[in-house]
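Raw contents of protein_34.txt, compact mmCIF, C-alpha atoms:
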```
# COMPACT_ATOMS: atom_id res chain seq x y z
CA MET A 26 126.96 122.56 127.43
CA ARG A 27 129.31 121.96 124.51
CA ASP A 28 127.62 121.61 121.12
CA ALA A 29 127.81 118.24 119.42
CA PRO A 30 130.29 118.09 116.51
CA TRP A 31 128.76 118.71 113.10
CA LEU A 32 131.22 116.34 111.40
CA THR A 33 131.66 112.62 111.97
CA VAL A 34 134.40 110.54 110.35
CA LEU A 35 132.91 107.08 110.09
CA GLY A 36 134.94 103.94 109.41
CA LEU A 37 133.19 101.66 106.93
CA GLY A 38 134.08 98.11 105.93
CA GLU A 39 133.31 96.09 102.83
CA ASP A 40 130.26 94.65 104.63
CA GLY A 41 128.62 98.10 104.58
CA LEU A 42 125.84 98.70 107.07
CA ASP A 43 126.09 95.15 108.44
CA GLY A 44 129.46 95.92 110.00
CA LEU A 45 128.44 99.18 111.70
CA SER A 46 127.76 99.50 115.41
CA PRO A 47 124.38 100.84 116.56
CA ALA A 48 126.01 104.19 117.38
CA SER A 49 127.45 104.45 113.85
CA ARG A 50 124.09 103.54 112.31
CA GLN A 51 122.37 106.28 114.31
CA VAL A 52 124.87 108.92 113.19
CA LEU A 53 124.47 107.82 109.57
CA ASP A 54 120.66 107.89 109.83
CA ARG A 55 120.74 111.48 111.19
CA ALA A 56 123.17 112.80 108.59
CA GLU A 57 122.13 115.66 106.33
CA VAL A 58 125.17 115.07 104.10
CA ILE A 59 127.15 111.90 103.42
CA MET A 60 130.50 112.47 101.74
CA GLY A 61 133.00 109.85 100.61
CA PRO A 62 134.71 108.14 97.67
CA PRO A 63 132.38 106.48 95.13
CA ARG A 64 133.17 102.96 96.39
CA HIS A 65 132.26 103.88 99.96
CA LEU A 66 129.06 105.61 98.90
CA SER A 67 128.05 102.48 96.98
CA LEU A 68 128.16 100.50 100.24
CA VAL A 69 125.51 102.74 101.85
CA PRO A 70 121.85 102.61 100.69
CA GLU A 71 120.23 105.75 99.33
CA SER A 72 118.52 107.97 101.91
CA GLU A 73 117.27 111.54 102.22
CA ALA A 74 120.81 112.72 102.94
CA GLU A 75 122.67 114.64 100.24
CA ARG A 76 125.49 112.54 98.79
CA ILE A 77 128.79 114.11 97.70
CA GLU A 78 131.64 112.22 96.06
CA TRP A 79 135.04 113.02 97.50
CA PRO A 80 137.20 114.17 94.57
CA ALA A 81 140.72 113.12 93.63
CA PRO A 82 143.27 114.28 94.59
CA PHE A 83 142.18 114.05 98.21
CA ALA A 84 143.14 117.65 99.09
CA GLU A 85 140.48 119.01 96.74
CA GLY A 86 137.77 117.62 99.00
CA LEU A 87 138.76 119.70 102.03
CA PRO A 88 137.31 123.02 100.74
CA ILE A 89 134.06 121.22 99.89
CA LEU A 90 133.93 119.78 103.40
CA THR A 91 134.63 123.20 104.90
CA GLY A 92 131.63 124.57 103.02
CA LEU A 93 129.40 122.06 104.81
CA ARG A 94 130.29 123.45 108.24
CA GLY A 95 127.21 123.56 110.47
CA ARG A 96 125.34 120.76 108.68
CA ALA A 97 125.26 117.24 110.14
CA THR A 98 127.87 115.63 107.90
CA VAL A 99 129.33 112.12 107.77
CA VAL A 100 132.58 111.42 105.94
CA LEU A 101 132.98 107.77 105.02
CA ALA A 102 136.48 106.29 105.31
CA SER A 103 137.92 102.80 105.13
CA GLY A 104 138.08 100.81 108.36
CA ASP A 105 140.04 102.75 110.95
CA PRO A 106 140.34 106.34 109.60
CA PHE A 107 143.40 107.01 111.77
CA TRP A 108 145.56 104.15 110.46
CA PHE A 109 146.85 105.43 107.10
CA GLY A 110 143.40 106.92 106.52
CA ALA A 111 141.60 110.22 106.09
CA GLY A 112 141.11 110.85 109.80
CA SER A 113 144.47 112.47 110.52
CA VAL A 114 144.13 114.88 107.57
CA ILE A 115 140.69 115.98 108.71
CA ALA A 116 141.90 116.34 112.31
CA ARG A 117 144.68 118.69 111.14
CA ASN A 118 142.29 120.90 109.19
CA PHE A 119 139.36 121.23 111.61
CA ASP A 120 139.15 122.24 115.25
CA ALA A 121 138.85 119.44 117.79
CA GLY A 122 135.32 120.46 118.78
CA GLU A 123 134.04 120.24 115.19
CA TRP A 124 134.53 116.55 114.53
CA ALA A 125 134.15 113.13 116.08
CA ALA A 126 135.34 109.75 114.81
CA LEU A 127 133.72 106.32 114.88
CA PRO A 128 136.39 103.90 113.62
CA GLY A 129 135.61 100.54 112.15
CA GLN A 130 137.73 97.42 111.96
CA SER A 131 141.06 98.16 110.26
CA THR A 132 142.20 96.29 107.16
CA PHE A 133 145.39 95.47 109.03
CA SER A 134 143.44 93.73 111.81
CA LEU A 135 141.38 91.76 109.31
CA ALA A 136 144.48 90.75 107.33
CA ALA A 137 146.37 89.67 110.44
CA ALA A 138 143.38 87.61 111.56
CA ARG A 139 143.19 85.84 108.20
CA LEU A 140 146.93 85.11 108.14
CA GLY A 141 147.37 84.35 111.83
CA TRP A 142 150.14 86.95 112.13
CA PRO A 143 150.72 88.86 115.39
CA LEU A 144 150.27 92.54 114.58
CA GLU A 145 152.76 93.63 117.23
CA SER A 146 155.61 92.04 115.24
CA THR A 147 154.25 92.72 111.72
CA LEU A 148 155.18 95.92 109.88
CA THR A 149 152.30 97.86 108.36
CA PHE A 150 152.50 100.22 105.38
CA GLY A 151 149.96 102.46 103.70
CA LEU A 152 151.25 102.50 100.12
CA HIS A 153 148.04 103.50 98.35
CA ALA A 154 149.49 107.01 97.92
CA ALA A 155 153.20 106.36 98.56
CA PRO A 156 155.99 104.79 96.49
CA LEU A 157 156.99 101.15 96.91
CA THR A 158 160.52 102.34 97.72
CA ARG A 159 159.24 103.06 101.25
CA LEU A 160 159.83 99.34 101.77
CA ARG A 161 163.53 99.42 100.85
CA PRO A 162 165.10 100.12 104.28
CA HIS A 163 163.05 97.28 105.78
CA LEU A 164 163.47 94.55 103.17
CA SER A 165 165.25 91.49 104.55
CA SER A 166 164.66 87.77 104.39
CA GLY A 167 162.12 86.78 107.04
CA LEU A 168 160.24 90.10 107.10
CA ARG A 169 156.47 89.97 107.40
CA ALA A 170 154.51 93.06 106.46
CA ILE A 171 150.94 94.02 105.54
CA LEU A 172 150.67 96.56 102.74
CA LEU A 173 147.72 98.66 101.62
CA LEU A 174 148.03 99.15 97.86
CA ARG A 175 146.57 101.68 95.45
CA ASP A 176 144.72 99.17 93.24
CA GLY A 177 144.97 95.69 91.71
CA LYS A 178 147.67 96.73 89.22
CA ALA A 179 149.94 97.67 92.10
CA VAL A 180 150.29 93.98 93.00
CA ALA A 181 152.28 93.38 89.79
CA GLU A 182 154.32 96.54 90.46
CA LEU A 183 155.16 95.19 93.92
CA ALA A 184 156.24 91.86 92.40
CA THR A 185 158.50 93.68 89.94
CA TYR A 186 160.05 95.80 92.69
CA LEU A 187 160.78 92.80 94.91
CA THR A 188 162.39 91.00 91.99
CA GLU A 189 164.58 94.00 91.16
CA THR A 190 165.78 94.28 94.78
CA GLY A 191 166.77 90.61 94.97
CA PHE A 192 163.80 89.15 96.86
CA ALA A 193 162.23 87.17 94.01
CA ASP A 194 161.45 84.17 96.26
CA SER A 195 158.98 86.20 98.34
CA ALA A 196 155.35 85.13 98.75
CA LEU A 197 152.36 87.45 98.45
CA HIS A 198 149.07 86.83 100.25
CA VAL A 199 146.78 88.95 98.08
CA MET A 200 143.60 89.87 99.96
CA GLN A 201 140.77 91.53 98.07
CA ALA A 202 137.67 93.19 99.59
CA LEU A 203 138.44 91.88 103.08
CA GLY A 204 135.45 91.59 105.38
CA GLY A 205 132.82 91.76 102.65
CA PRO A 206 130.88 89.36 100.45
CA ARG A 207 133.52 89.68 97.67
CA GLU A 208 136.40 88.70 99.94
CA ASN A 209 139.06 86.69 98.11
CA ILE A 210 142.46 85.59 99.41
CA GLN A 211 145.19 84.10 97.22
CA THR A 212 148.77 83.15 98.03
CA VAL A 213 150.89 83.68 94.94
CA SER A 214 154.52 83.74 93.85
CA LEU A 215 155.92 86.88 92.29
CA THR A 216 155.63 85.30 88.84
CA GLU A 217 151.96 84.50 89.46
CA ALA A 218 151.43 88.04 90.74
CA LEU A 219 152.81 89.45 87.49
CA LEU A 220 150.38 87.35 85.47
CA GLY A 221 147.33 87.70 87.72
CA THR A 222 144.42 90.13 87.84
CA PHE A 223 143.34 91.58 91.16
CA ASP A 224 140.44 93.81 92.21
CA HIS A 225 140.36 96.92 94.37
CA PRO A 226 140.37 97.26 97.37
CA VAL A 227 143.43 95.12 97.85
CA CYS A 228 146.04 94.58 100.51
CA VAL A 229 148.98 92.21 100.56
CA GLY A 230 150.54 90.13 103.29
CA LEU A 231 154.22 90.06 102.31
CA GLU A 232 156.63 87.31 103.37
CA VAL A 233 160.10 88.33 102.20
CA THR A 234 162.53 85.66 101.05
CA GLY A 235 165.59 85.82 98.83
CA PRO A 236 169.26 86.77 98.70
CA GLY A 237 168.58 90.50 98.32
CA ARG A 238 170.65 92.95 100.32
CA ALA A 239 169.33 93.92 103.73
CA PHE A 240 170.38 97.28 105.16
CA PRO A 241 171.84 97.31 108.69
CA LYS A 242 169.71 98.98 111.34
CA ALA A 243 172.64 100.83 112.93
CA SER A 244 173.77 104.28 111.85
CA GLY A 245 176.50 104.28 109.24
CA LYS A 246 174.89 102.54 106.29
CA PRO A 247 177.29 101.16 103.64
CA ASP A 248 178.68 103.85 101.35
CA ASP A 249 177.80 101.93 98.19
CA ILE A 250 174.03 102.16 98.70
CA PHE A 251 174.36 105.85 97.77
CA GLU A 252 174.93 107.15 94.27
CA THR A 253 177.83 109.59 94.61
CA ASP A 254 180.45 111.59 92.73
CA GLY A 255 182.83 111.13 95.65
CA GLN A 256 181.38 113.93 97.80
CA ILE A 257 180.05 111.79 100.64
CA THR A 258 180.49 111.61 104.39
CA LYS A 259 182.03 108.14 104.68
CA ARG A 260 180.41 105.43 106.76
CA PRO A 261 182.44 105.65 110.02
CA ILE A 262 182.30 109.47 110.07
CA ARG A 263 178.59 109.34 109.21
CA ALA A 264 177.92 107.02 112.15
CA LEU A 265 179.70 109.38 114.54
CA THR A 266 177.90 112.36 113.01
CA LEU A 267 174.46 110.77 113.41
CA SER A 268 175.36 110.03 117.02
CA ALA A 269 176.25 113.70 117.55
CA LEU A 270 173.07 114.88 115.80
CA ALA A 271 171.13 112.68 118.27
CA PRO A 272 167.75 112.62 116.47
CA GLN A 273 164.62 112.73 118.61
CA ARG A 274 161.03 112.07 117.52
CA GLY A 275 159.45 114.82 115.46
CA GLU A 276 162.61 116.87 114.92
CA HIS A 277 163.56 118.71 111.73
CA LEU A 278 167.12 118.76 110.36
CA TRP A 279 168.90 121.22 108.12
CA ASP A 280 171.68 119.43 106.21
CA ILE A 281 173.81 122.27 104.80
CA GLY A 282 176.06 121.26 101.92
CA GLY A 283 174.17 118.05 101.22
CA GLY A 284 176.69 116.47 98.81
CA THR A 285 175.23 113.00 98.33
CA GLY A 286 172.48 113.44 100.93
CA SER A 287 173.74 110.57 103.07
CA ILE A 288 173.42 112.44 106.38
CA SER A 289 169.85 113.66 105.88
CA ILE A 290 168.76 110.31 104.38
CA GLU A 291 170.13 108.36 107.32
CA TRP A 292 168.57 110.91 109.68
CA LEU A 293 165.15 110.16 108.15
CA MET A 294 165.75 106.41 108.42
CA CYS A 295 166.03 106.73 112.21
CA ASP A 296 162.32 107.39 112.79
CA PRO A 297 159.25 108.02 110.59
CA THR A 298 158.38 111.22 112.49
CA LEU A 299 161.66 112.92 111.53
CA THR A 300 161.84 115.46 108.69
CA ALA A 301 164.77 117.06 106.90
CA THR A 302 165.76 119.75 104.42
CA THR A 303 169.06 119.57 102.61
CA ILE A 304 170.61 122.64 100.97
CA GLU A 305 173.04 121.98 98.12
CA PRO A 306 174.55 124.70 95.86
CA ARG A 307 175.35 122.42 92.90
CA GLU A 308 172.35 121.49 90.79
CA ASP A 309 173.77 118.12 89.70
CA ARG A 310 174.34 117.14 93.31
CA ALA A 311 170.87 118.33 94.32
CA GLU A 312 169.39 116.06 91.65
CA ARG A 313 171.58 113.20 92.86
CA ILE A 314 170.32 113.73 96.41
CA ARG A 315 166.75 113.49 95.14
CA ARG A 316 167.53 110.22 93.36
CA ASN A 317 169.18 108.76 96.44
CA ALA A 318 166.27 109.77 98.64
CA ASP A 319 163.74 108.23 96.26
CA THR A 320 165.73 105.01 95.76
CA LEU A 321 166.21 104.52 99.48
CA GLY A 322 162.58 105.17 100.38
CA GLN A 323 163.04 108.62 101.92
CA ASP A 324 160.85 110.65 99.57
CA ARG A 325 159.98 112.94 102.52
CA LEU A 326 163.35 114.72 102.11
CA ASN A 327 163.03 118.34 100.99
CA VAL A 328 165.92 119.13 98.64
CA VAL A 329 166.75 122.81 98.10
CA HIS A 330 169.11 123.83 95.31
CA GLY A 331 170.57 126.93 96.89
CA THR A 332 173.24 128.44 99.09
CA ALA A 333 173.62 129.06 102.80
CA PRO A 334 172.97 131.38 104.45
CA GLY A 335 171.31 133.17 101.52
CA ASP A 336 168.51 130.65 100.96
CA LEU A 337 167.87 129.64 104.57
CA GLY A 338 165.50 132.44 105.55
CA GLY A 339 162.30 131.01 104.07
CA LEU A 340 162.80 127.43 105.25
CA THR A 341 161.01 125.67 108.09
CA ARG A 342 163.10 126.32 111.18
CA PRO A 343 165.21 123.35 112.31
CA ASP A 344 165.70 121.65 115.65
CA VAL A 345 169.12 120.44 114.51
CA VAL A 346 171.63 121.75 111.94
CA PHE A 347 174.45 119.82 110.29
CA ILE A 348 177.13 121.67 108.32
CA GLY A 349 178.90 119.28 105.99
CA GLY A 350 179.96 121.86 103.42
CA GLY A 351 180.08 125.62 102.94
CA LEU A 352 181.36 126.35 106.46
CA SER A 353 182.12 130.06 106.86
CA THR A 354 182.07 132.86 109.39
CA ALA A 355 179.04 134.38 107.63
CA LEU A 356 177.11 131.13 107.94
CA LEU A 357 177.89 130.66 111.63
CA GLU A 358 177.01 134.30 112.35
CA TRP A 359 173.65 133.90 110.59
CA LEU A 360 172.82 130.65 112.37
CA THR A 361 173.65 131.95 115.82
CA ALA A 362 171.72 135.19 115.21
CA GLU A 363 168.62 133.70 113.60
CA LEU A 364 168.05 130.32 115.24
CA PRO A 365 166.40 130.03 118.66
CA ALA A 366 168.16 128.94 121.81
CA GLY A 367 168.17 125.18 122.14
CA THR A 368 168.91 124.46 118.47
CA ARG A 369 171.64 121.82 118.19
CA LEU A 370 174.49 122.37 115.73
CA VAL A 371 177.04 119.86 114.43
CA ALA A 372 179.76 120.86 111.96
CA ASN A 373 182.46 118.72 110.34
CA ALA A 374 185.71 120.26 109.06
CA VAL A 375 188.54 118.76 107.01
CA THR A 376 190.69 121.71 105.90
CA LEU A 377 193.06 123.59 108.20
CA GLU A 378 191.11 126.81 107.61
CA SER A 379 187.74 125.31 108.56
CA GLU A 380 189.32 123.51 111.52
CA ALA A 381 190.67 126.83 112.79
CA LEU A 382 187.22 128.39 112.37
CA LEU A 383 185.60 125.67 114.48
CA ALA A 384 188.25 126.10 117.18
CA GLU A 385 187.55 129.85 117.24
CA TRP A 386 183.78 129.40 117.56
CA GLN A 387 184.10 126.64 120.13
CA ALA A 388 186.13 129.06 122.25
CA LYS A 389 183.27 131.59 122.01
CA LEU A 390 180.21 129.35 122.38
CA GLY A 391 181.51 126.20 124.04
CA GLY A 392 180.39 122.75 123.03
CA ASP A 393 182.56 119.76 122.22
CA LEU A 394 185.41 119.48 119.74
CA LEU A 395 186.24 115.99 118.52
CA ARG A 396 189.13 115.07 116.25
CA ILE A 397 188.46 111.88 114.30
CA GLU A 398 191.45 110.09 112.78
CA LEU A 399 190.90 106.82 110.91
CA ALA A 400 193.20 104.49 109.04
CA GLN A 401 192.39 101.48 106.92
CA ALA A 402 194.59 98.50 106.11
CA SER A 403 195.72 98.46 102.47
CA ALA A 404 198.41 96.93 100.29
CA LEU A 405 201.96 98.17 100.89
CA GLY A 406 204.11 96.37 98.39
CA PRO A 407 203.90 92.63 99.14
CA ARG A 408 202.64 93.37 102.66
CA ARG A 409 200.00 95.58 104.24
CA GLY A 410 200.06 98.89 106.03
CA TRP A 411 197.76 101.55 107.39
CA LYS A 412 196.45 104.18 104.97
CA SER A 413 195.23 107.21 106.89
CA ALA A 414 192.24 109.27 105.83
CA TYR A 415 192.19 113.04 106.30
CA PRO A 416 191.33 113.76 109.94
CA VAL A 417 187.92 115.31 110.59
CA VAL A 418 187.27 117.85 113.32
CA GLN A 419 183.70 117.85 114.60
CA TRP A 420 182.10 120.60 116.66
CA SER A 421 178.86 119.92 118.53
CA VAL A 422 177.07 122.68 120.42
CA THR A 423 173.61 123.67 121.62
CA LEU A 424 172.93 127.31 120.79
```

In structure tokens, what does this structure look like?
Amino acid sequence: MRDAPWLTVLGLGEDGLDGLSPASRQVLDRAEVIMGPPRHLSLVPESEAERIEWPAPFAEGLPILTGLRGRATVVLASGDPFWFGAGSVIARNFDAGEWAALPGQSTFSLAAARLGWPLESTLTFGLHAAPLTRLRPHLSSGLRAILLLRDGKAVAELATYLTETGFADSALHVMQALGGPRENIQTVSLTEALLGTFDHPVCVGLEVTGPGRAFPKASGKPDDIFETDGQITKRPIRALTLSALAPQRGEHLWDIGGGTGSISIEWLMCDPTLTATTIEPREDRAERIRRNADTLGQDRLNVVHGTAPGDLGGLTRPDVVFIGGGLSTALLEWLTAELPAGTRLVANAVTLESEALLAEWQAKLGGDLLRIELAQASALGPRRGWKSAYPVVQWSVTL
């Protein structure tokens, strides 16, 4: 018979023991060790169990927890530990047979119930340890979202951010200590949020209103949302490139010759499970890529100031590779020799030399060659004419 797990991740609400199921109470009563943040420990009465405060930053608590292996241990977490909570981190660091989870009622469920919002059409964000810029791709008039925030001061920071992005007419439903005796709900304007004082734990129901710019959901975001020195894959080409890259859930992209970072940033915008590394040889451009990623809410982008193929060896292996700059025979030879079968590769070429190189490699490895020629209407004396951009040749292949 399989041994019972020594570790239980227990979801706890602001109502403390009163909100626990009988099964959760039994596990807590049998615990030799109870570990959790100070606020969570304060919600549980003293007992014979040893009490350990979980340190900050969170990662420093994992070695302590590992040292408790074999003792009946309960880790206290907020509400549902697997909805922007500690549960997923613990699950990644301990074998499946070592732990069990007893979730409580999530803050999102409580907030939706108070506001009367359907959760299936309400966006949810855990921003207690993430920047507010995570909101940027989603901000548009009419959006409803529930946000977990770091502390009471973060409410004013949210109000400032919404004002700066053009959504100053938004309303905030500030919910403090939901589900407990200290529960307090206030609906405030952004001005009132800047002047108010709010207590932790806090979440916000956000109703976005205002003339701020909303980003389109389709690939090919406007060029002017990116800071650039002119080295950017332009919107129509970017849309075709993202289509060729064909992102799938959980995939990792190498963006070689990042330039402005527009390809890897848009890749990340497609799905929250996607990851990306961009490799850029110029330090000023690498810094610009970092700024663009942060501003546009894609702080998950790994930016490497380096060259390809020289600095590729130590990177997490990709599922997909895009070559937007630095195309060479040496690079293609390295990629085809080092990357596993099934890796998708997309390369864009503008010069005659790089176009010839893609034609040569397409003849050897197959795949699709696409020539993209675009022209835009512009002034031609008193009338208008077509101004052609340099054609782009795109090679797509699965290695």

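Using all atoms listed in the file, the smallest distance between any of A:Gly41, A:Pro106, A:Pro70, A:Pro343 and Thr368 of chain A comes from A:Pro343.
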
Compute the distance from (167.3, 103.6, 114.0) to each atom, counting only C-alpha atoms, keep the residues with any atom at most 12 Å away, and return them as a ChimeraX atom specification; use the coordinates of the file. /A:162-163,240-246,264,267-268,271-274,290-299

I want to know what sits within 9 Å of segment 61-68 of chain A, based on all atoms listed in the file, with residues of the same chain fewer than 5 positions away left out; could you give that as a list in words?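 Final neighbour list, sorted by chain and number: Leu37, Gly38, Glu39, Asp40, Gly41, Leu42, Arg76, Ile77, Glu78, Trp79, Pro80, Ala81, Val99, Val100, Leu101, Ala102 and Ser103 of chain A.
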
Nearest to Phe119 of chain A: which of A:Pro30, A:Gly282, A:Pro416, A:Gly221 is it, counting all atoms listed in the file?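 Using all atoms listed in the file, Phe119 of chain A sits closest to A:Pro30.
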
For Gln387 of chain A, the nearest of the candidates A:Glu217, A:Gln419, A:Leu203, A:Lys412, counting all atoms listed in the file: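 Result for the nearest residue to Gln387 of chain A: A:Gln419.
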
Counting only C-alpha atoms, which residue out of A:Glu385, A:Asp176, A:Glu57, A:Asp28 sits closest to Thr354 of chain A?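 Nearest to Thr354 of chain A: A:Glu385.
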
Give the answer as one residue: which of A:Tyr415, A:Gly391, A:Asp309, A:Gly235 has the shortest atom-to-atom distance to Ile262 of chain A, using all atoms listed in the file?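 Ranking A:Tyr415, A:Gly391, A:Asp309, A:Gly235 by distance to Ile262 of chain A, first place goes to A:Tyr415.
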
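The two atoms in question, atom CA of Thr332 of chain A and atom CA of Ser287 of chain A, are spaced 18.3 Å apart.
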
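When only C-alpha atoms are used to measure the gap to Thr149 of chain A, the shortest distance among A:Phe83, A:Phe192, A:Trp108, A:Tyr186 belongs to A:Trp108.
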
Show which residues sit within 10 Å of Asp393 of chain A, as a list in words. Count only C-alpha atoms, and ignore same-chain residues fewer than 3 positions away. Ala269, Val371, Ala384, Gln387, Ala388, Leu390, Gln419, Trp420, Ser421, Val422 and Thr423 of chain A

Distance atom CA of Gly230 of chain A-atom CA of Leu172 of chain A, one decimal place? 6.5 Å

Take segment 333-344 of chain A, bring it up to N, CA, C and O atoms, and give me the output as a short mmCIF file (atom, residue, chain, number, x, y, z; two decimals), in the coordinates of the input.
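Result went into out-v2.cif, see below:
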```
data_model
loop_
_atom_site.label_atom_id
_atom_site.label_comp_id
_atom_site.auth_asym_id
_atom_site.auth_seq_id
_atom_site.Cartn_x
_atom_site.Cartn_y
_atom_site.Cartn_z
N ALA A 333 173.81 128.65 101.41
CA ALA A 333 173.62 129.06 102.80
C ALA A 333 174.70 130.10 103.15
O ALA A 333 175.85 129.96 102.74
N PRO A 334 174.28 131.19 103.84
CA PRO A 334 172.97 131.38 104.45
C PRO A 334 171.91 132.02 103.57
O PRO A 334 170.77 132.22 104.03
N GLY A 335 172.22 132.36 102.33
CA GLY A 335 171.31 133.17 101.52
C GLY A 335 169.93 132.60 101.35
O GLY A 335 168.93 133.34 101.34
N ASP A 336 169.81 131.27 101.22
CA ASP A 336 168.51 130.65 100.96
C ASP A 336 167.90 129.97 102.18
O ASP A 336 166.97 129.17 102.05
N LEU A 337 168.38 130.29 103.37
CA LEU A 337 167.87 129.64 104.57
C LEU A 337 166.64 130.34 105.15
O LEU A 337 165.83 129.72 105.84
N GLY A 338 166.50 131.62 104.86
CA GLY A 338 165.50 132.44 105.55
C GLY A 338 164.07 131.93 105.43
O GLY A 338 163.30 132.00 106.38
N GLY A 339 163.68 131.42 104.26
CA GLY A 339 162.30 131.01 104.07
C GLY A 339 162.00 129.57 104.42
O GLY A 339 160.87 129.10 104.22
N LEU A 340 162.98 128.85 104.95
CA LEU A 340 162.80 127.43 105.25
C LEU A 340 162.18 127.20 106.62
O LEU A 340 162.31 128.04 107.53
N THR A 341 161.51 126.08 106.77
CA THR A 341 161.01 125.67 108.09
C THR A 341 162.17 125.61 109.07
O THR A 341 163.21 124.99 108.79
N ARG A 342 162.01 126.25 110.22
CA ARG A 342 163.10 126.32 111.18
C ARG A 342 163.46 124.92 111.71
O ARG A 342 162.60 124.10 111.97
N PRO A 343 164.78 124.67 111.89
CA PRO A 343 165.21 123.35 112.31
C PRO A 343 165.30 123.21 113.82
O PRO A 343 165.37 124.20 114.56
N ASP A 344 165.32 121.96 114.27
CA ASP A 344 165.70 121.65 115.65
C ASP A 344 167.19 121.34 115.71
O ASP A 344 167.82 121.52 116.76
#
```
